[in-house]
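Below is my_file.txt, holding compact mmCIF, C-alpha atoms.
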```txt
# COMPACT_ATOMS: atom_id res chain seq x y z
CA MET C 29 18.85 -25.12 -6.54
CA GLN C 30 20.60 -22.79 -8.95
CA LEU C 31 20.25 -19.04 -9.31
CA THR C 32 19.00 -18.43 -12.83
CA HIS C 33 20.32 -14.89 -13.05
CA LEU C 34 23.96 -16.00 -12.72
CA ASN C 35 25.85 -17.79 -15.49
CA THR C 36 28.46 -20.52 -14.96
CA HIS C 37 31.08 -17.83 -14.21
CA GLY C 38 28.88 -16.26 -11.56
CA GLU C 39 28.18 -13.23 -13.74
CA ALA C 40 24.85 -11.51 -14.09
CA ASN C 41 22.91 -13.12 -16.86
CA MET C 42 19.59 -12.36 -18.49
CA VAL C 43 17.85 -15.68 -18.99
CA ASP C 44 16.99 -16.53 -22.59
CA VAL C 45 13.31 -17.35 -22.42
CA GLY C 46 12.91 -17.70 -26.19
CA ASP C 47 12.57 -21.47 -26.06
CA LYS C 48 10.17 -21.53 -23.13
CA ARG C 49 6.57 -22.36 -23.81
CA GLU C 50 4.00 -19.62 -23.24
CA THR C 51 1.80 -20.35 -20.25
CA ARG C 52 -0.68 -18.43 -18.16
CA ARG C 53 1.22 -16.74 -15.37
CA GLU C 54 -0.21 -15.14 -12.30
CA ALA C 55 1.32 -13.71 -9.14
CA VAL C 56 -0.08 -12.04 -6.04
CA ALA C 57 2.11 -9.98 -3.72
CA SER C 58 1.21 -8.09 -0.56
CA GLY C 59 2.64 -5.59 1.86
CA ARG C 60 1.53 -2.98 4.33
CA ILE C 61 2.27 0.51 5.51
CA MET C 62 1.85 1.20 9.21
CA MET C 63 0.70 4.68 10.21
CA GLN C 64 -0.72 6.71 13.08
CA PRO C 65 -4.46 6.22 13.71
CA GLU C 66 -4.97 9.95 13.05
CA THR C 67 -3.32 9.67 9.64
CA LEU C 68 -5.48 6.70 8.77
CA GLN C 69 -8.58 8.62 9.81
CA LEU C 70 -7.62 11.63 7.66
CA LEU C 71 -7.05 9.26 4.76
CA SER C 72 -10.45 7.58 5.25
CA ASP C 73 -12.12 10.97 5.46
CA GLY C 74 -10.38 12.13 2.27
CA ALA C 75 -8.92 15.03 4.24
CA LEU C 76 -5.26 14.75 3.28
CA PRO C 77 -3.73 17.72 1.45
CA LYS C 78 -2.66 15.76 -1.64
CA GLY C 79 -6.16 14.46 -2.40
CA ASP C 80 -7.39 10.95 -3.11
CA VAL C 81 -4.59 8.86 -1.64
CA LEU C 82 -5.75 5.36 -2.57
CA ALA C 83 -6.68 6.21 -6.16
CA THR C 84 -3.26 7.76 -6.68
CA ALA C 85 -1.44 4.83 -5.10
CA ARG C 86 -3.42 2.39 -7.23
CA ILE C 87 -2.38 4.10 -10.46
CA ALA C 88 1.20 4.28 -9.21
CA GLY C 89 1.19 0.54 -8.52
CA ILE C 90 -0.19 -0.32 -11.94
CA GLN C 91 2.34 1.92 -13.69
CA ALA C 92 5.16 0.44 -11.63
CA ALA C 93 4.22 -3.12 -12.58
CA LYS C 94 4.41 -2.20 -16.25
CA ARG C 95 7.85 -0.64 -15.79
CA THR C 96 9.47 -3.30 -13.64
CA HIS C 97 12.02 -4.14 -16.35
CA GLU C 98 13.32 -0.56 -16.22
CA LEU C 99 14.01 -0.86 -12.49
CA ILE C 100 15.19 -4.42 -11.93
CA PRO C 101 18.25 -5.08 -14.12
CA LEU C 102 17.64 -8.61 -15.40
CA CYS C 103 13.85 -8.51 -15.69
CA HIS C 104 12.27 -8.89 -19.11
CA ALA C 105 9.83 -6.32 -20.47
CA LEU C 106 6.43 -7.98 -20.27
CA ALA C 107 3.11 -7.24 -21.90
CA LEU C 108 1.01 -7.77 -18.77
CA SER C 109 -2.59 -8.74 -19.47
CA LYS C 110 -3.84 -7.63 -16.05
CA VAL C 111 -2.69 -5.61 -13.06
CA ALA C 112 -5.02 -5.08 -10.09
CA ILE C 113 -4.14 -3.32 -6.86
CA ASP C 114 -6.29 -3.69 -3.74
CA PHE C 115 -6.21 -1.79 -0.48
CA GLU C 116 -7.59 -2.74 2.89
CA VAL C 117 -7.74 0.02 5.45
CA ASP C 118 -7.18 -1.60 8.84
CA HIS C 119 -8.05 0.77 11.67
CA VAL C 120 -7.32 -1.77 14.38
CA GLU C 121 -3.78 -2.60 13.32
CA GLY C 122 -3.26 0.97 12.10
CA CYS C 123 -2.18 0.18 8.59
CA ILE C 124 -3.15 -0.04 4.96
CA LYS C 125 -2.71 -3.50 3.51
CA VAL C 126 -1.78 -3.49 -0.16
CA SER C 127 -2.07 -6.40 -2.53
CA ALA C 128 -1.23 -6.64 -6.21
CA LEU C 129 -2.26 -9.20 -8.80
CA CYS C 130 -0.38 -9.45 -12.11
CA LYS C 131 -1.30 -11.71 -15.02
CA LEU C 132 0.41 -12.59 -18.25
CA ASN C 133 0.36 -15.14 -21.03
CA GLY C 134 4.07 -15.54 -21.50
CA ARG C 135 7.38 -17.19 -20.89
CA THR C 136 8.42 -15.67 -17.60
CA GLY C 137 6.91 -15.25 -14.14
CA VAL C 138 5.24 -12.05 -13.00
CA GLU C 139 6.13 -12.07 -9.30
CA MET C 140 8.65 -9.25 -9.71
CA GLU C 141 5.93 -7.15 -11.30
CA ALA C 142 3.54 -7.86 -8.42
CA LEU C 143 6.22 -7.12 -5.81
CA THR C 144 7.21 -3.90 -7.60
CA ALA C 145 3.57 -2.83 -7.78
CA VAL C 146 3.13 -3.34 -4.01
CA SER C 147 6.40 -1.55 -3.22
CA VAL C 148 5.64 1.49 -5.35
CA ALA C 149 2.01 1.65 -4.17
CA CYS C 150 3.35 1.70 -0.58
CA LEU C 151 5.92 4.38 -1.46
CA THR C 152 3.17 6.46 -3.05
CA LEU C 153 1.02 6.06 0.08
CA TYR C 154 4.02 7.31 2.05
CA ASP C 155 4.45 10.28 -0.24
CA MET C 156 0.75 11.16 -0.13
CA CYS C 157 0.64 11.08 3.69
CA LYS C 158 4.11 12.26 4.72
CA ALA C 159 2.97 15.84 5.32
CA VAL C 160 1.10 14.67 8.43
CA ASP C 161 3.02 11.54 9.46
CA LYS C 162 6.73 10.87 9.19
CA GLU C 163 6.72 7.75 11.34
CA MET C 164 5.12 5.56 8.69
CA ARG C 165 6.75 2.20 8.09
CA ILE C 166 6.54 0.00 5.01
CA GLU C 167 6.79 -3.66 5.88
CA ALA C 168 6.09 -7.29 5.04
CA VAL C 169 6.35 -6.89 1.27
CA GLN C 170 6.12 -10.48 0.12
CA LEU C 171 4.95 -12.91 -2.53
CA GLU C 172 1.65 -14.55 -1.60
CA SER C 173 1.18 -16.91 -4.52
CA LYS C 174 2.22 -17.60 -8.08
CA ARG C 175 0.81 -19.84 -10.76
CA GLY C 176 2.21 -21.21 -14.02
CA GLY C 177 5.74 -21.91 -15.18
CA VAL C 178 8.08 -24.89 -14.97
CA ARG C 179 8.70 -24.65 -11.23
CA GLY C 180 5.02 -25.08 -10.48
CA ASP C 181 2.65 -23.18 -8.25
CA TYR C 182 3.49 -21.52 -4.98
CA GLN C 183 1.22 -20.53 -2.13
CA ARG C 184 2.45 -18.88 1.05
CA GLU C 185 1.28 -20.75 4.12
CA PRO C 186 -0.12 -18.59 6.91
CA ALA C 187 2.20 -18.67 9.92
CA PRO C 188 0.86 -21.28 12.34
CA ILE C 189 -0.02 -19.98 15.77
CA VAL C 190 1.31 -23.05 17.52
CA THR C 191 2.94 -25.92 15.71
CA GLY C 192 1.66 -29.40 16.31
CA GLU C 193 -0.53 -30.73 19.04
CA GLY C 194 0.30 -30.33 22.68
CA SER C 195 1.16 -33.43 24.67
CA ALA C 196 -1.16 -34.68 27.41
CA GLY C 197 -2.27 -31.88 29.67
CA GLU C 198 -0.84 -29.29 27.29
CA VAL C 199 -2.58 -26.86 25.04
CA SER C 200 -3.95 -28.34 21.88
CA LEU C 201 -5.21 -26.24 19.02
CA GLY C 202 -8.02 -27.10 16.68
CA VAL C 203 -11.07 -29.21 17.29
CA ARG C 204 -9.51 -31.83 19.53
CA CYS C 205 -10.37 -31.11 23.12
CA VAL C 206 -9.29 -33.20 26.07
CA SER C 207 -11.37 -32.61 29.17
CA PRO C 208 -11.31 -30.34 31.08
CA CYS C 209 -11.17 -27.86 28.25
CA VAL C 210 -12.94 -24.98 26.55
CA ARG C 211 -13.54 -24.45 22.86
CA VAL C 212 -12.83 -20.93 21.74
CA LYS C 213 -14.29 -19.35 18.61
CA PHE C 214 -13.23 -16.17 16.87
CA LEU C 215 -15.78 -14.45 14.66
CA ALA C 216 -15.81 -11.92 11.82
CA GLU C 217 -12.98 -9.36 11.88
CA LEU C 218 -11.46 -10.98 14.94
CA ARG C 219 -11.15 -14.31 13.13
CA GLU C 220 -9.24 -12.60 10.32
CA ARG C 221 -7.04 -10.79 12.80
CA VAL C 222 -6.20 -13.89 14.79
CA GLY C 223 -5.83 -15.99 11.65
CA GLN C 224 -8.01 -18.89 12.74
CA SER C 225 -11.57 -19.60 13.75
CA ASP C 226 -11.29 -22.24 16.47
CA VAL C 227 -8.97 -23.09 19.32
CA ALA C 228 -9.33 -25.63 22.10
CA ILE C 229 -7.46 -24.97 25.32
CA ASN C 230 -7.11 -27.04 28.45
CA LEU C 231 -8.67 -25.45 31.52
CA ASP C 232 -5.54 -26.18 33.56
CA GLN C 233 -3.69 -23.65 31.39
CA LEU C 234 -5.85 -20.82 32.69
CA PRO C 235 -4.38 -18.75 35.56
CA SER C 236 -8.00 -18.23 36.70
CA ARG C 237 -11.09 -20.03 35.50
CA ASP C 238 -12.83 -17.03 34.05
CA VAL C 239 -12.76 -15.08 30.78
CA ALA C 240 -9.86 -12.92 31.96
CA GLY C 241 -7.91 -16.11 32.70
CA LEU C 242 -8.73 -17.48 29.28
CA LYS C 243 -7.52 -14.29 27.59
CA ALA C 244 -4.30 -14.42 29.60
CA ALA C 245 -3.68 -18.07 28.67
CA LEU C 246 -4.29 -17.35 24.98
CA ALA C 247 -2.07 -14.26 25.02
CA GLN C 248 0.65 -16.46 26.49
CA LEU C 249 0.27 -18.79 23.50
CA ASP C 250 0.59 -16.21 20.77
CA THR C 251 0.85 -12.43 20.66
CA ARG C 252 -1.93 -12.38 18.07
CA PHE C 253 -4.39 -13.20 20.87
CA GLY C 254 -3.45 -9.90 22.54
CA VAL C 255 -6.29 -8.33 20.56
CA LEU C 256 -8.72 -10.12 22.90
CA SER C 257 -7.84 -7.59 25.59
CA ASP C 258 -8.98 -4.78 23.30
CA GLN C 259 -11.93 -2.93 24.87
CA ARG C 260 -13.95 -3.43 21.69
CA THR C 261 -13.71 -7.21 21.88
CA LEU C 262 -16.92 -8.84 23.11
CA CYS C 263 -17.36 -12.30 24.55
CA ALA C 264 -20.12 -14.90 24.87
CA ILE C 265 -20.07 -18.13 26.86
CA ASN C 266 -22.34 -20.82 25.44
CA GLN C 267 -23.91 -18.13 23.26
CA VAL C 268 -24.79 -15.83 26.16
CA MET C 269 -22.99 -12.50 26.54
CA ALA C 270 -20.26 -12.60 29.18
CA ASN C 271 -17.49 -10.44 30.59
CA ASP C 272 -13.99 -10.81 32.07
CA THR C 273 -15.27 -12.06 35.42
CA SER C 274 -17.65 -14.67 33.95
CA ARG C 275 -16.71 -18.20 34.99
CA VAL C 276 -15.46 -20.65 32.41
CA THR C 277 -16.16 -24.34 32.97
CA ASP C 278 -15.39 -27.64 31.25
CA GLU C 279 -16.85 -28.05 27.73
CA ASP C 280 -17.86 -24.40 27.47
CA GLU C 281 -17.94 -22.72 24.07
CA VAL C 282 -16.44 -19.26 24.41
CA ALA C 283 -16.76 -16.89 21.45
CA PHE C 284 -14.87 -13.64 20.96
CA PHE C 285 -16.10 -11.10 18.44
CA PRO C 286 -16.13 -7.40 17.55
CA PRO C 287 -19.12 -5.08 18.18
CA VAL C 288 -22.11 -6.17 16.11
CA THR C 289 -23.10 -4.32 12.92
CA GLY C 290 -26.22 -6.06 11.61
CA GLY C 291 -29.55 -4.61 10.53
CA MET U 2 -51.90 -15.42 24.86
CA THR U 3 -48.70 -17.29 24.00
CA ALA U 4 -46.18 -15.14 22.24
CA ASN U 5 -46.64 -15.27 18.47
CA ILE U 6 -43.03 -14.62 17.48
CA CYS U 7 -41.24 -15.99 14.45
CA VAL U 8 -37.53 -15.48 13.76
CA LYS U 9 -35.66 -16.44 10.59
CA VAL U 10 -31.99 -16.11 9.63
CA GLN U 11 -31.40 -17.14 6.04
CA SER U 12 -29.13 -16.69 3.06
CA GLU U 13 -32.03 -16.73 0.57
CA ALA U 14 -33.54 -13.45 -0.58
CA PHE U 15 -36.93 -12.41 0.77
CA ALA U 16 -39.59 -10.08 -0.60
CA MET U 17 -40.15 -6.50 0.59
CA ASP U 18 -43.60 -7.51 1.87
CA ASP U 19 -42.55 -10.86 3.33
CA GLY U 20 -44.71 -12.07 6.22
CA TYR U 21 -47.55 -9.69 5.58
CA GLU U 22 -50.19 -12.01 4.18
CA ASN U 23 -49.02 -14.92 6.25
CA THR U 24 -49.42 -12.93 9.47
CA LEU U 25 -52.84 -11.52 8.63
CA HIS U 26 -54.22 -14.74 7.18
CA GLN U 27 -57.80 -15.26 8.40
CA ARG U 28 -57.41 -12.75 11.20
CA THR U 29 -59.75 -9.87 11.81
CA ASP U 30 -58.54 -8.78 15.25
CA VAL U 31 -55.43 -6.99 13.93
CA GLY U 32 -55.82 -3.23 13.92
CA ALA U 33 -52.31 -2.19 12.90
CA VAL U 34 -49.33 -3.64 11.09
CA VAL U 35 -46.03 -1.81 11.15
CA SER U 36 -43.12 -3.21 9.21
CA PHE U 37 -39.57 -2.09 8.57
CA THR U 38 -37.38 -3.30 5.72
CA GLY U 39 -33.69 -2.45 5.72
CA LEU U 40 -31.88 -2.41 2.36
CA VAL U 41 -28.23 -2.49 1.31
CA ARG U 42 -27.13 1.05 0.40
CA ASP U 43 -24.60 1.64 -2.35
CA PHE U 44 -22.77 4.10 -0.12
CA ASN U 45 -21.69 3.80 3.48
CA GLU U 46 -18.14 3.99 4.82
CA THR U 47 -16.96 4.37 1.23
CA PRO U 48 -18.92 6.21 -1.49
CA GLU U 49 -19.26 3.15 -3.74
CA VAL U 50 -20.28 -0.03 -1.99
CA ILE U 51 -20.55 -2.85 -4.53
CA GLY U 52 -21.80 -5.45 -2.08
CA LEU U 53 -21.52 -6.78 1.42
CA THR U 54 -21.03 -10.07 3.18
CA LEU U 55 -22.95 -10.70 6.38
CA GLU U 56 -21.51 -13.07 8.91
CA HIS U 57 -23.35 -14.24 12.03
CA TYR U 58 -23.00 -16.57 15.00
CA PRO U 59 -25.41 -19.42 14.24
CA GLY U 60 -27.46 -20.35 17.27
CA MET U 61 -26.77 -17.21 19.25
CA THR U 62 -28.24 -15.11 16.45
CA GLU U 63 -31.61 -16.86 16.47
CA ARG U 64 -31.69 -16.93 20.26
CA THR U 65 -30.90 -13.21 20.53
CA LEU U 66 -33.55 -12.25 17.96
CA MET U 67 -36.12 -14.38 19.80
CA GLN U 68 -35.23 -12.70 23.10
CA ILE U 69 -35.61 -9.26 21.53
CA GLY U 70 -39.01 -10.29 20.18
CA GLU U 71 -40.03 -11.57 23.62
CA GLN U 72 -38.96 -8.33 25.28
CA ALA U 73 -41.15 -6.41 22.84
CA TRP U 74 -43.98 -8.84 23.46
CA GLN U 75 -43.81 -8.20 27.22
CA ARG U 76 -43.51 -4.47 26.83
CA TRP U 77 -46.36 -3.78 24.46
CA SER U 78 -49.69 -5.38 23.59
CA LEU U 79 -48.85 -7.26 20.39
CA GLN U 80 -50.48 -9.89 18.20
CA ALA U 81 -47.58 -11.01 16.02
CA VAL U 82 -43.85 -10.38 15.65
CA ARG U 83 -41.82 -11.46 12.59
CA ILE U 84 -38.08 -10.92 12.31
CA ILE U 85 -36.17 -12.02 9.22
CA HIS U 86 -32.49 -11.30 8.57
CA ARG U 87 -30.28 -12.31 5.69
CA VAL U 88 -26.70 -13.58 5.87
CA GLY U 89 -24.10 -14.19 3.18
CA TYR U 90 -23.43 -12.01 0.14
CA LEU U 91 -25.83 -9.17 -0.69
CA GLY U 92 -25.82 -6.56 -3.43
CA PRO U 93 -26.99 -2.92 -3.34
CA GLY U 94 -30.76 -2.66 -3.09
CA ASP U 95 -31.20 -6.12 -1.56
CA PRO U 96 -33.46 -6.32 1.50
CA ILE U 97 -31.25 -7.29 4.43
CA VAL U 98 -33.60 -7.19 7.41
CA ARG U 99 -37.35 -7.10 7.91
CA VAL U 100 -39.35 -6.63 11.11
CA LEU U 101 -43.13 -6.87 11.11
CA VAL U 102 -45.29 -6.20 14.14
CA ALA U 103 -49.07 -6.58 14.37
CA SER U 104 -51.18 -5.18 17.20
CA ALA U 105 -54.67 -3.92 17.90
CA HIS U 106 -53.52 -0.28 17.99
CA ARG U 107 -50.89 1.57 16.01
CA ARG U 108 -48.79 3.05 18.84
CA ASP U 109 -47.83 -0.38 20.19
CA ALA U 110 -46.91 -1.59 16.72
CA PHE U 111 -44.84 1.54 15.91
CA ASN U 112 -42.97 1.40 19.20
CA ALA U 113 -42.36 -2.34 19.16
CA CYS U 114 -41.00 -2.25 15.59
CA ASP U 115 -38.70 0.66 16.45
CA PHE U 116 -37.54 -1.10 19.63
CA ILE U 117 -36.82 -4.40 17.88
CA MET U 118 -34.69 -2.71 15.21
CA ASP U 119 -32.74 -0.69 17.81
CA TYR U 120 -31.97 -3.83 19.82
CA LEU U 121 -31.27 -5.94 16.75
CA LYS U 122 -28.66 -3.47 15.54
CA THR U 123 -26.83 -3.37 18.87
CA GLN U 124 -27.25 -6.93 20.21
CA ALA U 125 -27.76 -9.52 17.49
CA PRO U 126 -24.43 -11.09 16.45
CA PHE U 127 -24.24 -10.01 12.81
CA TRP U 128 -21.19 -8.44 11.18
CA LYS U 129 -21.02 -6.65 7.84
CA LYS U 130 -18.04 -6.69 5.56
CA GLU U 131 -18.42 -4.13 2.79
CA HIS U 132 -16.86 -4.57 -0.62
CA SER U 133 -15.87 -1.52 -2.62
CA HIS U 134 -13.53 -0.73 -5.47
CA GLN U 135 -11.07 0.34 -2.78
CA GLY U 136 -11.12 -3.17 -1.32
CA ALA U 137 -13.09 -4.89 1.43
CA TYR U 138 -13.35 -3.81 5.08
CA TRP U 139 -15.38 -4.63 8.17
CA VAL U 140 -18.03 -2.07 8.99
CA LYS U 141 -17.48 -0.26 12.28
CA GLU U 142 -20.15 -0.01 14.96
CA ARG U 143 -21.97 3.32 15.11
CA HIS U 144 -22.36 5.33 18.27
CA PRO U 145 -25.84 6.66 17.30
CA ASP U 146 -27.10 3.05 17.18
CA GLN U 147 -26.04 2.61 20.79
CA GLN U 148 -27.80 5.85 21.73
CA ASP U 149 -30.96 4.74 19.92
CA ALA U 150 -31.03 1.48 21.85
CA ALA U 151 -30.34 3.24 25.15
CA ARG U 152 -33.46 5.40 24.73
CA TRP U 153 -35.64 2.43 25.65
CA GLU U 154 -33.99 1.67 28.96
CA SER U 155 -35.60 4.45 30.95
CA LEU U 156 -38.91 4.57 29.15
CA VAL U 157 -42.14 2.75 29.78
CA ASP U 158 -43.93 3.24 26.47
CA GLY U 159 -41.86 4.93 23.86
CA PRO U 160 -39.02 7.37 23.52
CA SER U 161 -39.29 11.11 23.36
CA HIS U 162 -36.79 12.66 21.00
```

Same coordinates, now as structure tokens:
Amino acid sequence: MQLTHLNTHGEANMVDVGDKRETRREAVASGRIMMQPETLQLLSDGALPKGDVLATARIAGIQAAKRTHELIPLCHALALSKVAIDFEVDHVEGCIKVSALCKLNGRTGVEMEALTAVSVACLTLYDMCKAVDKEMRIEAVQLESKRGGVRGDYQREPAPIVTGEGSAGEVSLGVRCVSPCVRVKFLAELRERVGQSDVAINLDQLPSRDVAGLKAALAQLDTRFGVLSDQRTLCAINQVMANDTSRVTDEDEVAFFPPVTGG
Amino acid sequence: MTANICVKVQSEAFAMDDGYENTLHQRTDVGAVVSFTGLVRDFNETPEVIGLTLEHYPGMTERTLMQIGEQAWQRWSLQAVRIIHRVGYLGPGDPIVRVLVASAHRRDAFNACDFIMDYLKTQAPFWKKEHSHQGAYWVKERHPDQQDAARWESLVDGPSH
């Protein structure tokens, strides 16, 4: 693997893309800004002193994508065909998730544009909210996917909760379930938070054979399962509502989910 | 009389007056029909909702709706209960839920319909994800819904406000 922005002498070098074929290019980047729950609430209520925070950050992100070449020394100026910025306000994690999509018909990738858009949108969110919260933290700015170009497509894999299958008597994740075991389901927002919909866990892993024991065993597996101890998290065993003291037995289906919002 | 309760969870659209004719077909003992249809609003947690996705817990959903219908059946004198709820993607203005209750007298029908909706909103495993120009987010549970459902616990016939 060679770094394209260095020449044979190791000097900075702007790549000549004149001979490259024009292809459809697309990149998605994401990032997040963590903040106090109170700040997030003020933002959701539109009660921050600088006005509409998300609308401002969106425009900032779009502008930044278009001006990436002015900021990053060896980037080419690109006539982007599309820039879209999306926000997801996450009250449970206490953050705003930012994603940026950039598109181009051209000779060079647009991931720097997408990453710049996310970075500047996050910085703008910081600026818009800093009057009430100085603890905010911008993190996890990363490329999610890119399409087009000679090096082919890229898609970030979600971090696996546990790699591989457990050996006999160990925890195994996924649909395989060796008795005695319980199948665990995560629904709606909880599924997105945990990053998967189904887990099977051997009953012998549970410190106690009840829902509390199941939560403890899962939390031991991965910190992401810590959300199960949240007071809002509800539980059903074999599709009947249950609580922490409800007994869990072999072959049970245990579902965890947030408060219901139908109707 | 065996409970005449019908529950449907479906991704297909249904009409505003769904179940009406079907329930009353060749019956002359019904004195009152009360129905409620819930629609997707174009404003909720954000001012511009462009659509929503409804997720549910197949199996538990149908069972819970049936149990709510049975509770209403035991509590009031009813002749028919219909509950229909959509899942999947819905746009503004789409009917999302419909409850229809038939009885000999209006008070039972009014109360039972009110009761079923209150319990459906707080017990049936549905979750809404709203889509807006600001992005998508999961709808949060509302405290007033819990209060509405709690009204029925201490009451024999209907709530006083």

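Minimum atom-to-atom distance to chain C, evaluated using only C-alpha atoms, belongs to U:Lys122 out of U:Arg107, U:Arg83, U:Arg76, U:Lys122.
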
- Query: chain U residues within 9 Å of chain C, counting all atoms listed in the file: which ones, as a VMD selection string?
  - Reply: chain U and resid 39 to 40 46 to 47 55 to 58 60 to 62 64 to 65 86 97 to 99 118 to 119 121 to 130 134 to 143

- Message: Could you check which residues have any atom within 10 Å of (11.8, -3.1, -1.2), counting all atoms listed in the file with coordinates taken straight from the file, and then list them as a ChimeraX atom specification?
- Response: /C:59,143-144,146-148,150-151,166-170

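Checking U:Tyr90, U:Val82, U:Glu131, U:Asp30 one by one against U:Gly70, counting all atoms listed in the file, you find the shortest gap at U:Val82.
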
- Determine, counting all atoms listed in the file, which protein, DNA and RNA residues have an atom within 12 Å of an atom of C:Gly241; residues of the same chain fewer than 2 positions away are not included. Present the result as number ranges by chain. C: 210, 229-239, 243-248, 256-257, 271-277

Selection file, C-alpha atoms, as an mmCIF file, in the coordinates of the input:
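Output file result-v2.cif is given in full below:
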```cif
data_model
loop_
_atom_site.group_PDB
_atom_site.id
_atom_site.type_symbol
_atom_site.label_atom_id
_atom_site.label_comp_id
_atom_site.auth_asym_id
_atom_site.auth_seq_id
_atom_site.Cartn_x
_atom_site.Cartn_y
_atom_site.Cartn_z
ATOM 1 C CA VAL C 210 -12.940 -24.980 26.550
ATOM 2 C CA ILE C 229 -7.460 -24.970 25.320
ATOM 3 C CA ASN C 230 -7.110 -27.040 28.450
ATOM 4 C CA LEU C 231 -8.670 -25.450 31.520
ATOM 5 C CA ASP C 232 -5.540 -26.180 33.560
ATOM 6 C CA GLN C 233 -3.690 -23.650 31.390
ATOM 7 C CA LEU C 234 -5.850 -20.820 32.690
ATOM 8 C CA PRO C 235 -4.380 -18.750 35.560
ATOM 9 C CA SER C 236 -8.000 -18.230 36.700
ATOM 10 C CA ARG C 237 -11.090 -20.030 35.500
ATOM 11 C CA ASP C 238 -12.830 -17.030 34.050
ATOM 12 C CA VAL C 239 -12.760 -15.080 30.780
ATOM 13 C CA LYS C 243 -7.520 -14.290 27.590
ATOM 14 C CA ALA C 244 -4.300 -14.420 29.600
ATOM 15 C CA ALA C 245 -3.680 -18.070 28.670
ATOM 16 C CA LEU C 246 -4.290 -17.350 24.980
ATOM 17 C CA ALA C 247 -2.070 -14.260 25.020
ATOM 18 C CA GLN C 248 0.650 -16.460 26.490
ATOM 19 C CA LEU C 256 -8.720 -10.120 22.900
ATOM 20 C CA SER C 257 -7.840 -7.590 25.590
ATOM 21 C CA ASN C 271 -17.490 -10.440 30.590
ATOM 22 C CA ASP C 272 -13.990 -10.810 32.070
ATOM 23 C CA THR C 273 -15.270 -12.060 35.420
ATOM 24 C CA SER C 274 -17.650 -14.670 33.950
ATOM 25 C CA ARG C 275 -16.710 -18.200 34.990
ATOM 26 C CA VAL C 276 -15.460 -20.650 32.410
ATOM 27 C CA THR C 277 -16.160 -24.340 32.970
#
```

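Coordinates place atom CA of C:Arg252 at a distance of 26.1 Å from atom CA of C:Tyr154.
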
Selection near C:Arg53, 10 Å with all atoms listed in the file, sequence-local residues under 2 positions removed, as a compact mmCIF listing (two decimals) with C-alpha atoms, in the frame of the given file:
```txt
# COMPACT_ATOMS: atom_id res chain seq x y z
CA GLU C 50 4.00 -19.62 -23.24
CA THR C 51 1.80 -20.35 -20.25
CA ALA C 55 1.32 -13.71 -9.14
CA LEU C 108 1.01 -7.77 -18.77
CA SER C 109 -2.59 -8.74 -19.47
CA CYS C 130 -0.38 -9.45 -12.11
CA LYS C 131 -1.30 -11.71 -15.02
CA LEU C 132 0.41 -12.59 -18.25
CA ASN C 133 0.36 -15.14 -21.03
CA GLY C 134 4.07 -15.54 -21.50
CA ARG C 135 7.38 -17.19 -20.89
CA THR C 136 8.42 -15.67 -17.60
CA GLY C 137 6.91 -15.25 -14.14
CA VAL C 138 5.24 -12.05 -13.00
CA GLU C 139 6.13 -12.07 -9.30
CA LYS C 174 2.22 -17.60 -8.08
CA ARG C 175 0.81 -19.84 -10.76
CA GLY C 176 2.21 -21.21 -14.02
CA GLY C 177 5.74 -21.91 -15.18
CA ASP C 181 2.65 -23.18 -8.25
```

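Take atom CA of U:Lys9 and atom CA of U:Ile85: the distance between them is 4.7 Å.
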